[in-house]
file final-v1.txt (compact mmCIF, C-alpha atoms)
# COMPACT_ATOMS: atom_id res chain seq x y z
CA MET A 1 -12.25 73.08 93.59
CA ALA A 2 -9.62 70.94 95.27
CA PHE A 3 -7.40 68.62 93.25
CA THR A 4 -8.00 64.92 93.78
CA LEU A 5 -6.01 61.74 93.29
CA PRO A 6 -7.19 60.12 90.05
CA ALA A 7 -7.97 56.42 90.19
CA LEU A 8 -5.51 54.09 88.51
CA PRO A 9 -6.94 52.75 85.21
CA TYR A 10 -5.91 49.20 86.25
CA ALA A 11 -5.26 47.06 89.33
CA PHE A 12 -2.00 47.49 91.29
CA ASP A 13 -0.64 44.24 89.87
CA ALA A 14 -1.64 44.91 86.27
CA LEU A 15 1.86 45.98 85.22
CA GLU A 16 3.56 42.88 86.63
CA PRO A 17 6.16 41.59 86.18
CA PHE A 18 7.60 44.87 84.87
CA VAL A 19 6.42 47.13 87.66
CA ASP A 20 5.51 45.36 90.88
CA ALA A 21 2.19 45.76 92.69
CA THR A 22 3.72 47.10 95.92
CA THR A 23 5.47 49.88 94.01
CA MET A 24 2.22 50.81 92.24
CA GLN A 25 0.37 50.85 95.55
CA ILE A 26 2.89 53.10 97.30
CA HIS A 27 3.64 55.21 94.24
CA HIS A 28 -0.05 56.00 93.67
CA GLY A 29 -1.47 55.95 97.20
CA LYS A 30 1.42 57.61 99.01
CA HIS A 31 3.67 59.58 96.67
CA HIS A 32 1.06 60.89 94.23
CA GLN A 33 -1.43 61.46 97.05
CA ALA A 34 1.17 63.57 98.89
CA TYR A 35 1.63 65.81 95.83
CA VAL A 36 -2.15 66.31 95.66
CA THR A 37 -2.44 67.05 99.40
CA ASN A 38 0.51 69.45 99.43
CA LEU A 39 -0.73 71.26 96.34
CA ASN A 40 -4.20 71.74 97.82
CA ASN A 41 -2.71 73.00 101.09
CA ALA A 42 -0.50 75.51 99.28
CA LEU A 43 -3.38 76.82 97.17
CA ASP A 44 -5.76 77.18 100.15
CA LYS A 45 -4.88 80.85 100.41
CA PHE A 46 -5.17 81.34 96.64
CA PRO A 47 -8.45 79.69 95.58
CA GLU A 48 -8.46 81.41 92.20
CA LEU A 49 -5.37 79.37 91.32
CA LYS A 50 -7.15 76.13 92.15
CA ASP A 51 -9.76 77.02 89.56
CA LEU A 52 -7.06 77.33 86.89
CA GLY A 53 -6.71 73.61 86.53
CA ILE A 54 -3.56 71.55 86.74
CA VAL A 55 -2.34 72.16 83.19
CA ASP A 56 -2.49 75.94 83.46
CA ILE A 57 -0.91 75.86 86.90
CA ASN A 58 2.02 73.97 85.43
CA LYS A 59 2.27 76.40 82.51
CA LYS A 60 2.49 79.25 85.03
CA VAL A 61 5.31 77.68 87.05
CA GLY A 62 8.30 79.98 86.71
CA THR A 63 6.14 83.06 86.05
CA ASP A 64 4.84 85.84 88.31
CA ALA A 65 1.37 84.30 88.17
CA ILE A 66 2.36 82.00 91.04
CA PRO A 67 2.91 83.93 94.31
CA LYS A 68 6.54 83.84 95.44
CA ASP A 69 5.99 82.22 98.81
CA ILE A 70 4.28 79.18 97.26
CA ALA A 71 6.31 79.07 94.04
CA THR A 72 8.53 76.14 95.06
CA VAL A 73 5.71 74.10 96.59
CA VAL A 74 3.57 74.61 93.47
CA ARG A 75 6.47 73.71 91.17
CA ASN A 76 7.17 70.48 93.06
CA ASN A 77 3.63 69.39 93.86
CA GLY A 78 1.78 70.86 90.89
CA GLY A 79 4.44 69.24 88.75
CA GLY A 80 4.19 65.99 90.69
CA HIS A 81 0.39 65.89 90.38
CA TRP A 82 0.38 66.51 86.63
CA ASN A 83 3.31 64.16 85.97
CA HIS A 84 1.81 61.21 87.80
CA SER A 85 -1.71 61.75 86.44
CA PHE A 86 -0.16 61.66 82.96
CA PHE A 87 2.07 58.67 83.82
CA TRP A 88 -0.60 56.24 85.02
CA LYS A 89 -2.47 56.65 81.74
CA ILE A 90 0.48 55.98 79.43
CA MET A 91 1.02 52.59 81.01
CA THR A 92 -1.13 49.50 80.60
CA ALA A 93 -1.06 45.75 81.19
CA PRO A 94 1.63 44.08 79.08
CA THR A 95 -1.00 42.02 77.27
CA ASN A 96 -2.72 45.28 76.32
CA SER A 97 0.35 47.08 75.05
CA ASN A 98 -0.04 47.37 71.27
CA GLY A 99 1.88 49.70 69.01
CA PRO A 100 1.96 53.34 67.93
CA SER A 101 -0.56 54.70 65.43
CA ASP A 102 0.62 55.06 61.83
CA GLU A 103 0.85 58.84 62.31
CA LEU A 104 2.96 58.52 65.44
CA LYS A 105 5.19 55.90 63.85
CA ALA A 106 5.72 58.13 60.83
CA ALA A 107 6.57 61.07 63.06
CA VAL A 108 9.03 58.96 65.07
CA ASP A 109 10.70 57.78 61.88
CA ALA A 110 10.87 61.33 60.55
CA SER A 111 12.38 62.78 63.75
CA PHE A 112 14.66 59.92 64.80
CA GLY A 113 15.06 57.58 61.83
CA SER A 114 13.34 54.66 63.52
CA MET A 115 11.49 53.52 66.65
CA ASP A 116 14.65 51.76 67.83
CA VAL A 117 16.70 54.93 67.62
CA MET A 118 13.97 56.87 69.42
CA LYS A 119 13.95 54.27 72.21
CA GLU A 120 17.76 54.39 72.48
CA LYS A 121 17.67 58.17 72.88
CA PHE A 122 14.78 58.02 75.34
CA ASN A 123 16.58 55.32 77.34
CA ALA A 124 19.74 57.45 77.39
CA ALA A 125 17.80 60.49 78.62
CA ALA A 126 16.15 58.38 81.34
CA ALA A 127 19.38 56.71 82.46
CA GLY A 128 21.38 59.92 82.26
CA ARG A 129 19.06 62.05 84.40
CA PHE A 130 21.19 62.43 87.55
CA GLY A 131 19.23 62.23 90.78
CA SER A 132 15.43 62.42 90.59
CA GLY A 133 13.48 63.35 87.50
CA TRP A 134 11.63 62.30 84.36
CA ALA A 135 12.37 61.50 80.73
CA TRP A 136 9.98 62.80 78.06
CA LEU A 137 9.08 62.28 74.43
CA GLY A 138 7.05 65.18 73.11
CA VAL A 139 6.12 67.49 70.28
CA LYS A 140 8.31 70.56 69.89
CA ALA A 141 7.18 73.99 68.79
CA ASP A 142 8.19 73.17 65.21
CA GLY A 143 5.96 70.08 65.17
CA SER A 144 8.76 67.52 65.27
CA LEU A 145 9.28 65.04 68.09
CA GLY A 146 11.97 65.63 70.70
CA ILE A 147 13.31 63.92 73.78
CA THR A 148 14.37 65.63 76.99
CA SER A 149 14.67 64.98 80.70
CA THR A 150 13.72 67.21 83.61
CA PRO A 151 14.87 67.24 87.25
CA ASN A 152 12.67 66.49 90.26
CA GLN A 153 8.98 67.11 89.39
CA ASP A 154 9.59 69.60 86.61
CA ASN A 155 7.95 68.91 83.26
CA PRO A 156 8.21 70.38 79.75
CA LEU A 157 4.89 72.26 80.13
CA GLN A 158 6.37 74.53 82.77
CA GLY A 159 7.88 77.93 82.17
CA VAL A 160 11.09 76.73 83.83
CA ALA A 161 11.68 73.90 81.35
CA ASP A 162 14.90 73.84 79.30
CA GLU A 163 12.95 72.72 76.28
CA ALA A 164 9.23 73.28 75.75
CA LEU A 165 7.50 70.11 74.62
CA LEU A 166 3.92 68.86 74.64
CA PRO A 167 4.45 65.51 76.34
CA VAL A 168 3.41 62.36 74.54
CA LEU A 169 5.27 59.76 76.60
CA GLY A 170 7.09 60.04 79.91
CA LEU A 171 8.96 57.90 82.43
CA ASP A 172 9.42 58.52 86.15
CA VAL A 173 13.05 57.84 87.10
CA TRP A 174 12.82 58.86 90.75
CA GLU A 175 14.19 55.92 92.72
CA HIS A 176 10.76 55.38 94.32
CA ALA A 177 9.46 54.40 90.87
CA TYR A 178 11.69 51.33 90.65
CA TYR A 179 13.81 50.69 93.74
CA LEU A 180 11.75 47.93 95.41
CA LYS A 181 12.10 45.70 92.35
CA TYR A 182 15.18 46.96 90.52
CA GLN A 183 17.27 48.59 93.28
CA ASN A 184 20.18 50.45 91.65
CA ARG A 185 19.50 48.83 88.24
CA ARG A 186 17.72 51.77 86.62
CA PRO A 187 18.61 50.72 83.05
CA GLU A 188 16.79 47.40 83.62
CA TYR A 189 13.66 49.29 84.74
CA ILE A 190 13.88 51.55 81.70
CA ALA A 191 14.15 48.56 79.35
CA ALA A 192 11.20 46.87 81.08
CA PHE A 193 9.03 49.98 80.68
CA TRP A 194 8.61 49.41 76.93
CA ASN A 195 6.58 46.27 77.70
CA ILE A 196 3.84 48.28 79.39
CA VAL A 197 3.54 51.39 77.25
CA ASN A 198 -0.08 52.22 76.44
CA TRP A 199 0.54 53.09 72.79
CA GLU A 200 -3.14 53.86 72.25
CA GLN A 201 -2.96 56.64 74.85
CA VAL A 202 0.44 57.77 73.61
CA SER A 203 -0.93 58.01 70.06
CA GLU A 204 -3.89 60.06 71.35
CA ASN A 205 -1.44 62.30 73.18
CA PHE A 206 0.43 62.77 69.92
CA THR A 207 -2.73 63.73 68.04
CA ALA A 208 -3.55 66.31 70.72
CA ALA A 209 0.02 67.63 70.71
CA LYS A 210 0.06 68.06 66.93
CA ALA A 211 -3.09 70.16 67.36
CA GLY A 212 -1.26 72.24 69.98
CA SER A 213 -2.95 70.77 73.06
CA PRO A 214 -1.41 69.07 76.06
CA PRO A 215 -2.57 65.47 76.61
CA ALA A 216 -5.99 64.91 78.19
CA LEU A 217 -5.62 63.69 81.77
CA MET B 218 54.38 62.53 75.02
CA VAL B 219 54.32 59.08 76.62
CA LEU B 220 50.61 59.39 77.37
CA GLN B 221 49.67 59.70 73.69
CA LEU B 222 51.38 56.41 72.87
CA ILE B 223 49.38 54.42 75.38
CA ALA B 224 46.07 53.01 74.23
CA GLY B 225 43.36 50.87 75.71
CA ARG B 226 41.84 50.45 79.12
CA ALA B 227 44.79 48.38 80.32
CA SER B 228 46.66 51.64 80.50
CA ALA B 229 44.33 52.95 83.22
CA THR B 230 46.39 51.37 85.99
CA PHE B 231 49.55 52.81 84.50
CA LEU B 232 47.97 56.24 84.33
CA ALA B 233 47.09 56.05 88.00
CA SER B 234 50.73 55.94 88.92
CA GLY B 235 52.10 57.34 85.70
CA VAL B 236 53.29 60.58 84.23
CA ARG B 237 50.31 62.71 85.31
CA GLY B 238 49.76 60.87 88.60
CA LEU B 239 45.99 60.69 88.24
CA ALA B 240 44.61 60.00 91.69
CA THR B 241 41.89 57.49 90.95
CA ALA B 242 39.27 56.80 93.59
CA LYS B 243 38.88 53.53 95.42
CA LEU B 244 35.95 52.18 97.44
CA PRO B 245 36.77 52.59 101.16
CA ASP B 246 36.01 49.65 103.43
CA LEU B 247 33.35 50.00 106.10
CA THR B 248 34.57 49.58 109.67
CA TYR B 249 31.46 47.55 110.56
CA ASP B 250 29.47 44.72 108.96
CA TYR B 251 26.65 45.56 106.58
CA GLY B 252 24.14 44.32 109.15
CA ALA B 253 25.65 46.18 112.10
CA LEU B 254 23.45 49.29 111.81
CA GLN B 255 20.17 47.43 112.21
CA PRO B 256 17.42 48.20 112.89
CA ALA B 257 18.07 51.81 111.89
CA ILE B 258 19.43 50.80 108.48
CA SER B 259 19.15 47.25 107.15
CA GLY B 260 22.07 45.15 105.96
CA GLN B 261 20.39 44.93 102.56
CA ILE B 262 20.46 48.70 102.15
CA MET B 263 24.02 49.03 103.47
CA GLU B 264 25.32 46.42 101.05
CA LEU B 265 23.55 47.89 98.00
CA HIS B 266 24.44 51.42 99.04
CA HIS B 267 28.15 50.63 99.49
CA LYS B 268 28.82 47.93 96.87
CA LYS B 269 26.58 49.26 94.11
CA HIS B 270 25.79 52.95 94.50
CA HIS B 271 29.07 54.19 95.97
CA GLN B 272 31.07 51.88 93.71
CA ALA B 273 29.23 53.25 90.65
CA TYR B 274 30.16 56.84 91.59
CA ILE B 275 33.79 55.71 91.89
CA THR B 276 33.78 53.84 88.60
CA ASN B 277 32.18 56.76 86.78
CA TYR B 278 34.42 59.32 88.48
CA ASN B 279 37.56 57.44 87.48
CA ALA B 280 36.36 57.18 83.90
CA ALA B 281 35.54 60.89 83.84
CA ILE B 282 38.87 62.08 85.20
CA GLU B 283 40.73 59.84 82.79
CA LYS B 284 38.83 61.38 79.88
CA TYR B 285 39.36 64.82 81.42
CA ALA B 286 43.12 64.26 81.58
CA GLU B 287 43.14 63.26 77.91
CA ALA B 288 41.09 66.32 76.95
CA GLU B 289 43.32 68.55 79.06
CA GLY B 290 46.38 67.08 77.39
CA LYS B 291 44.94 68.00 74.00
CA GLY B 292 43.74 71.40 75.14
CA ASP B 293 40.18 70.40 74.26
CA VAL B 294 38.30 72.91 76.40
CA ALA B 295 34.88 71.95 75.05
CA ALA B 296 35.44 68.34 76.09
CA MET B 297 36.71 69.42 79.51
CA ILE B 298 33.60 71.51 80.09
CA ALA B 299 31.35 68.68 78.93
CA LEU B 300 32.92 66.39 81.53
CA GLN B 301 32.46 68.75 84.47
CA GLY B 302 28.94 67.55 85.21
CA ALA B 303 30.08 63.95 85.46
CA ILE B 304 32.98 64.93 87.71
CA LYS B 305 30.66 66.90 90.00
CA PHE B 306 28.02 64.15 90.18
CA ASN B 307 30.35 61.24 90.62
CA GLY B 308 33.20 62.94 92.47
CA GLY B 309 30.64 64.50 94.78
CA GLY B 310 29.02 61.10 95.25
CA HIS B 311 32.37 59.61 96.21
CA VAL B 312 33.23 62.42 98.63
CA ASN B 313 29.81 62.39 100.25
CA HIS B 314 29.52 58.65 100.74
CA SER B 315 33.07 58.37 102.05
CA ILE B 316 32.10 60.84 104.78
CA PHE B 317 28.76 59.12 105.42
CA TRP B 318 30.22 55.67 106.19
CA THR B 319 32.47 57.20 108.86
CA ASN B 320 29.58 59.23 110.30
CA LEU B 321 27.78 55.97 111.17
CA VAL B 322 28.55 53.42 113.86
CA PRO B 323 26.68 50.43 115.34
CA SER B 324 24.31 51.73 118.03
CA LYS B 325 25.99 49.69 120.75
CA ASP B 326 29.20 51.64 120.12
CA ALA B 327 27.53 55.03 119.72
CA ALA B 328 28.17 57.68 122.37
CA PRO B 329 26.43 61.05 122.68
CA ALA B 330 28.06 64.27 121.49
CA SER B 331 30.25 66.01 124.04
CA GLY B 332 32.91 68.66 124.49
CA GLU B 333 33.33 71.44 121.97
CA LEU B 334 31.03 69.82 119.40
CA LEU B 335 28.16 69.75 121.90
CA GLN B 336 28.97 73.32 122.95
CA LEU B 337 28.80 74.59 119.36
CA ILE B 338 25.55 72.71 118.69
CA GLU B 339 23.94 74.06 121.87
CA ALA B 340 25.21 77.56 121.14
CA ARG B 341 23.28 77.54 117.87
CA TYR B 342 20.32 75.25 118.60
CA LYS B 343 19.85 75.52 122.39
CA SER B 344 19.75 71.74 122.86
CA MET B 345 20.66 68.48 121.17
CA ASP B 346 16.96 67.62 120.81
CA ALA B 347 16.22 70.93 119.14
CA PHE B 348 19.18 70.41 116.82
CA LYS B 349 18.00 66.91 115.83
CA ALA B 350 14.49 68.21 115.12
CA ALA B 351 15.83 71.04 112.97
CA PHE B 352 18.22 68.74 111.12
CA SER B 353 15.52 66.13 110.45
CA ALA B 354 13.12 68.82 109.23
CA ALA B 355 15.71 70.24 106.84
CA ALA B 356 16.67 66.81 105.53
CA ALA B 357 13.01 65.79 105.16
CA GLY B 358 12.39 68.93 103.15
CA VAL B 359 15.00 68.19 100.48
CA GLN B 360 13.13 67.92 97.18
CA GLY B 361 14.15 64.91 95.17
CA SER B 362 17.65 63.63 95.87
CA GLY B 363 20.18 65.25 98.17
CA TRP B 364 21.82 65.42 101.58
CA GLY B 365 21.28 66.96 105.00
CA TRP B 366 24.42 68.32 106.67
CA LEU B 367 25.86 69.68 109.84
CA GLY B 368 28.68 71.89 108.66
CA TYR B 369 31.41 73.96 110.22
CA ASN B 370 31.61 77.59 109.20
CA LYS B 371 35.25 78.72 109.37
CA ALA B 372 34.25 82.38 109.10
CA THR B 373 31.89 82.34 112.07
CA GLY B 374 33.56 79.52 113.99
CA GLY B 375 30.16 77.96 114.46
CA VAL B 376 28.16 75.02 113.17
CA GLU B 377 25.08 75.14 110.98
CA ILE B 378 22.57 72.89 109.25
CA ALA B 379 22.52 72.93 105.45
CA THR B 380 21.22 70.83 102.58
CA THR B 381 22.61 70.09 99.14
CA ALA B 382 20.96 68.72 96.02
CA ASN B 383 21.94 65.54 94.21
CA GLN B 384 25.61 64.79 95.01
CA ASP B 385 26.72 68.38 95.44
CA PRO B 386 29.34 68.29 98.19
CA LEU B 387 28.98 70.64 101.16
CA SER B 388 32.09 72.48 100.02
CA THR B 389 29.88 74.07 97.34
CA LEU B 390 28.24 76.03 100.18
CA GLY B 391 31.57 77.00 101.73
CA LEU B 392 31.11 74.80 104.80
CA VAL B 393 33.20 71.91 106.12
CA PRO B 394 31.14 68.69 106.37
CA LEU B 395 30.95 67.25 109.88
CA LEU B 396 27.85 65.04 109.59
CA GLY B 397 26.03 64.11 106.40
CA VAL B 398 22.78 62.17 106.02
CA ASP B 399 21.93 60.80 102.59
CA VAL B 400 18.28 61.40 101.71
CA TRP B 401 18.35 59.94 98.21
CA GLU B 402 15.56 57.37 98.19
CA HIS B 403 18.13 54.59 97.75
CA ALA B 404 19.40 55.38 101.26
CA TYR B 405 16.13 54.38 102.93
CA TYR B 406 13.43 53.18 100.56
CA LEU B 407 13.74 49.41 101.08
CA ASP B 408 13.29 49.94 104.84
CA TYR B 409 11.06 53.00 105.14
CA LYS B 410 9.36 53.35 101.72
CA ASN B 411 8.02 56.87 101.28
CA VAL B 412 8.27 57.68 105.01
CA ARG B 413 11.54 59.59 104.96
CA PRO B 414 10.83 61.21 108.38
CA ASP B 415 10.91 57.75 110.05
CA TYR B 416 14.38 57.12 108.57
CA LEU B 417 15.50 60.51 109.85
CA LYS B 418 14.21 59.68 113.33
CA ALA B 419 15.93 56.29 113.39
CA ILE B 420 19.30 57.37 112.04
CA TRP B 421 20.19 59.20 115.26
CA GLN B 422 20.66 55.74 116.85
CA VAL B 423 23.71 55.14 114.65
CA VAL B 424 25.38 58.55 114.37
CA ASN B 425 29.07 58.38 115.24
CA TRP B 426 29.46 61.60 117.26
CA LYS B 427 33.11 60.76 117.93
CA ASN B 428 33.77 60.95 114.20
CA VAL B 429 31.78 64.17 113.89
CA ALA B 430 33.92 65.66 116.71
CA GLU B 431 37.11 64.48 114.96
CA ARG B 432 35.98 66.24 111.78
CA LEU B 433 35.31 69.42 113.76
CA ALA B 434 38.77 69.31 115.33
CA ALA B 435 40.36 68.81 111.91
CA ALA B 436 38.37 71.69 110.44
CA LYS B 437 39.40 74.27 113.01

call {"tool": "encode", "arguments": {"input": "final-v1.txt", "output": "structure tokens"}}
result
Amino acid sequence: MAFTLPALPYAFDALEPFVDATTMQIHHGKHHQAYVTNLNNALDKFPELKDLGIVDINKKVGTDAIPKDIATVVRNNGGGHWNHSFFWKIMTAPTNSNGPSDELKAAVDASFGSMDVMKEKFNAAAAGRFGSGWAWLGVKADGSLGITSTPNQDNPLQGVADEALLPVLGLDVWEHAYYLKYQNRRPEYIAAFWNIVNWEQVSENFTAAKAGSPPAL
Amino acid sequence: MVLQLIAGRASATFLASGVRGLATAKLPDLTYDYGALQPAISGQIMELHHKKHHQAYITNYNAAIEKYAEAEGKGDVAAMIALQGAIKFNGGGHVNHSIFWTNLVPSKDAAPASGELLQLIEARYKSMDAFKAAFSAAAAGVQGSGWGWLGYNKATGGVEIATTANQDPLSTLGLVPLLGVDVWEHAYYLDYKNVRPDYLKAIWQVVNWKNVAERLAAAK
């Protein structure tokens, strides 16, 4: 079964003024679509891998389970497809952005001291990722929350990740995610992001992660 | 030691010409107006790219080497190692962009490659057109941020296409940079959005082959 581009859960302009409609249109319809197309093309010769599903494909990145001649394409495009599918869901219209569940808030306080400190560390990871990549908040093997960043379309589910985390919240810091509106001002984009976080989804992701499951896409 | 007695950022200028002779970086001027490379590259991109992106690499590089000098002075190896990433990113960014600005010229002043440069390109790629296609394909294929290069190989005496990630300079591959094309999204996104191949087609209009030839002559 071929992978398909998931529909956005909101209109292109729903995240305004924090993420502009044109960026959402190109980011979803062009960039994410390209990851889906490239992934499907690469897996054409290996249909059994298509049946694995996107989560398991990502988990197998960096292992022998992915044939060598498609390893890089699968890492970049399998990563890109999972990352963006996850990303659209953890954002929502600013008027809809509530707050973390009590459980998530307690876990944040336990791991970082406070939400503010967590945000500072997340912002630092996002701003400090040189070149293209993502910042992540996720549940570590020991059950506590951790923050990391990954290059390009890598994610913490993959075998190649520096730090294994079950992602709960993530932010795309490729320039295509913010350049039309923010140009070089990545820190401004990162600060704006907090206005559109879908805390309901993030809290659900946390519940799943605590139970050992990656977030539902 | 005189250095240890100096405190505060005001000392940075002193350090630049002071005891250790730290060679801080400075933003080079362009030899053309921001708008002079249109329509291949817009004035808006050129201004942001030069004044903001390149300047940021310089600012961060200068800060990093100042801290590195302090750490070195104290023999703090851990701190020196921790700074190496910042020096590579930002120093590489400064080196790469300084080359890039000279590799570009307004299209009305651009002349085709000739002489030894053309000979070496044709020796490897059969024709200029074939070279451009191969270069564009390599640069289009860079995952994430990076650069496409035409480099000179001192060992073989020939030229070759290569790519580097992020701001890694071409020296990391043992080649001398002759022509570099920035494929970070900031280099083209405002004009070309996701269509990097269109940027790579257009940029040939503004390549300064004279400069590329000068770099080849200097490398030999």

call {"tool": "atom_distance", "arguments": {"input": "final-v1.txt", "atom1": "atom CA of A:Thr23", "atom2": "atom CA of B:Lys410"}}
result
9.3 Å

call {"tool": "residues_around", "arguments": {"input": "final-v1.txt", "residues": "A:Ser101", "least_positions_apart": "3", "cutoff": "9 Å", "atoms": "only C-alpha atoms", "output": "JSON, numbers by chain"}}
result
{"A": [104, 105, 106, 199, 200, 202, 203, 204]}

call {"tool": "closest_atom_pairs", "arguments": {"input": "final-v1.txt", "of": "stretch 48-84 of chain A", "to": "stretch 127-135 of chain A", "cutoff": "12 Å", "atoms": "all atoms listed in the file", "output": "tab-separated table"}}
result
residue	atom	partner	partner_atom	distance
A:Asn76	CA	A:Gly133	CA	11.0
A:Gly79	CA	A:Gly133	CA	10.9
A:Gly80	CA	A:Gly133	CA	10.2
A:Asn83	CA	A:Trp134	CA	8.7
A:His84	CA	A:Trp134	CA	10.5

call {"tool": "write_last_selection", "arguments": {"input": "final-v1.txt", "atoms": "C-alpha atoms", "output": "short mmCIF file (atom, residue, chain, number, x, y, z; two decimals), in the frame of the given file"}}
result
data_model
loop_
_atom_site.label_atom_id
_atom_site.label_comp_id
_atom_site.auth_asym_id
_atom_site.auth_seq_id
_atom_site.Cartn_x
_atom_site.Cartn_y
_atom_site.Cartn_z
CA ASN A 76 7.17 70.48 93.06
CA GLY A 79 4.44 69.24 88.75
CA GLY A 80 4.19 65.99 90.69
CA ASN A 83 3.31 64.16 85.97
CA HIS A 84 1.81 61.21 87.80
#

call {"tool": "closest_residue", "arguments": {"input": "final-v1.txt", "among": "B:Val312, B:Leu265, B:Leu390, B:Ala240", "to": "chain A", "atoms": "only C-alpha atoms"}}
result
B:Leu265

call {"tool": "interface_residues", "arguments": {"input": "final-v1.txt", "of": "chain B", "to": "chain A", "cutoff": "7 Å", "atoms": "all atoms listed in the file", "output": "PyMOL selection string"}}
result
chain B and resi 269-270+361-362+383+402-403+407+411

call {"tool": "residues_around", "arguments": {"input": "final-v1.txt", "residues": "A:Leu5", "least_positions_apart": "4", "cutoff": "8 Å", "atoms": "all atoms listed in the file", "output": "list in words"}}
result
His32, Gln33 and Val36 of chain A

call {"tool": "write_last_selection", "arguments": {"input": "final-v1.txt", "atoms": "C-alpha atoms", "output": "short mmCIF file (atom, residue, chain, number, x, y, z; two decimals), in the coordinates of the input"}}
result
data_model
loop_
_atom_site.label_atom_id
_atom_site.label_comp_id
_atom_site.auth_asym_id
_atom_site.auth_seq_id
_atom_site.Cartn_x
_atom_site.Cartn_y
_atom_site.Cartn_z
CA HIS A 32 1.06 60.89 94.23
CA GLN A 33 -1.43 61.46 97.05
CA VAL A 36 -2.15 66.31 95.66
#

call {"tool": "residues_around", "arguments": {"input": "final-v1.txt", "residues": "B:Thr389", "least_positions_apart": "5", "cutoff": "12 Å", "atoms": "only C-alpha atoms", "output": "number ranges by chain"}}
result
B: 305, 309, 368, 379-382, 384, 394

call {"tool": "residues_around", "arguments": {"input": "final-v1.txt", "residues": "stretch 344-349 of chain B", "least_positions_apart": "6", "cutoff": "10 Å", "atoms": "all atoms listed in the file", "output": "list in words"}}
result
Pro329, Ala330, Leu335, Gln336, Ile338, Ala355, Leu367, Glu377, Ile378, Leu417, Lys418 and Trp421 of chain B

call {"tool": "atom_distance", "arguments": {"input": "final-v1.txt", "atom1": "atom CA of B:Gly358", "atom2": "atom CA of B:Gly397"}}
result
14.8 Å

call {"tool": "atom_distance", "arguments": {"input": "final-v1.txt", "atom1": "atom CA of B:Gly375", "atom2": "atom CA of B:Ala419"}}
result
25.9 Å

call {"tool": "closest_residue", "arguments": {"input": "final-v1.txt", "among": "A:Leu171, A:Met91, A:Leu8, A:Ala42", "to": "A:His28", "atoms": "all atoms listed in the file"}}
result
A:Leu8

call {"tool": "residues_around", "arguments": {"input": "final-v1.txt", "residues": "A:Ile90", "least_positions_apart": "6", "cutoff": "12 Å", "atoms": "all atoms listed in the file", "output": "number ranges by chain"}}
result
A: 8-10, 15, 83-84, 96-98, 100, 136-137, 167-172, 193-206, 215-217

call {"tool": "closest_residue", "arguments": {"input": "final-v1.txt", "among": "B:Tyr285, B:Trp364, B:Trp426, B:Tyr274", "to": "B:Asn307", "atoms": "all atoms listed in the file"}}
result
B:Tyr274

call {"tool": "closest_residue", "arguments": {"input": "final-v1.txt", "among": "B:Pro414, B:Gly308, B:Gly363, B:Gly238", "to": "B:Ala286", "atoms": "only C-alpha atoms"}}
result
B:Gly238

call {"tool": "residues_near_point", "arguments": {"input": "final-v1.txt", "point": "(-2.1, 76.0, 88.9)", "cutoff": "12 Å", "atoms": "all atoms listed in the file", "output": "number ranges by chain"}}
result
A: 1-3, 36, 39-40, 42-44, 46-63, 65-67, 70-71, 73-82, 157-158

call {"tool": "write_last_selection", "arguments": {"input": "final-v1.txt", "atoms": "C-alpha atoms", "output": "compact mmCIF listing (two decimals), in the frame of the given file"}}
result
# COMPACT_ATOMS: atom_id res chain seq x y z
CA MET A 1 -12.25 73.08 93.59
CA ALA A 2 -9.62 70.94 95.27
CA PHE A 3 -7.40 68.62 93.25
CA VAL A 36 -2.15 66.31 95.66
CA LEU A 39 -0.73 71.26 96.34
CA ASN A 40 -4.20 71.74 97.82
CA ALA A 42 -0.50 75.51 99.28
CA LEU A 43 -3.38 76.82 97.17
CA ASP A 44 -5.76 77.18 100.15
CA PHE A 46 -5.17 81.34 96.64
CA PRO A 47 -8.45 79.69 95.58
CA GLU A 48 -8.46 81.41 92.20
CA LEU A 49 -5.37 79.37 91.32
CA LYS A 50 -7.15 76.13 92.15
CA ASP A 51 -9.76 77.02 89.56
CA LEU A 52 -7.06 77.33 86.89
CA GLY A 53 -6.71 73.61 86.53
CA ILE A 54 -3.56 71.55 86.74
CA VAL A 55 -2.34 72.16 83.19
CA ASP A 56 -2.49 75.94 83.46
CA ILE A 57 -0.91 75.86 86.90
CA ASN A 58 2.02 73.97 85.43
CA LYS A 59 2.27 76.40 82.51
CA LYS A 60 2.49 79.25 85.03
CA VAL A 61 5.31 77.68 87.05
CA GLY A 62 8.30 79.98 86.71
CA THR A 63 6.14 83.06 86.05
CA ALA A 65 1.37 84.30 88.17
CA ILE A 66 2.36 82.00 91.04
CA PRO A 67 2.91 83.93 94.31
CA ILE A 70 4.28 79.18 97.26
CA ALA A 71 6.31 79.07 94.04
CA VAL A 73 5.71 74.10 96.59
CA VAL A 74 3.57 74.61 93.47
CA ARG A 75 6.47 73.71 91.17
CA ASN A 76 7.17 70.48 93.06
CA ASN A 77 3.63 69.39 93.86
CA GLY A 78 1.78 70.86 90.89
CA GLY A 79 4.44 69.24 88.75
CA GLY A 80 4.19 65.99 90.69
CA HIS A 81 0.39 65.89 90.38
CA TRP A 82 0.38 66.51 86.63
CA LEU A 157 4.89 72.26 80.13
CA GLN A 158 6.37 74.53 82.77

call {"tool": "residues_near_point", "arguments": {"input": "final-v1.txt", "point": "(30.1, 57.7, 117.8)", "cutoff": "8 Å", "atoms": "all atoms listed in the file", "output": "MDAnalysis selection string"}}
result
chainID B and resid 320:322 326:330 423:429

call {"tool": "axis_aligned_box", "arguments": {"input": "final-v1.txt", "around": "stretch 322-329 of chain B", "padding_each_side": "8 Å", "output": "lines of an AutoDock Vina configuration file"}}
result
center_x = 26.8
center_y = 55.4
center_z = 118.3
size_x = 20.9
size_y = 27.4
size_z = 24.8
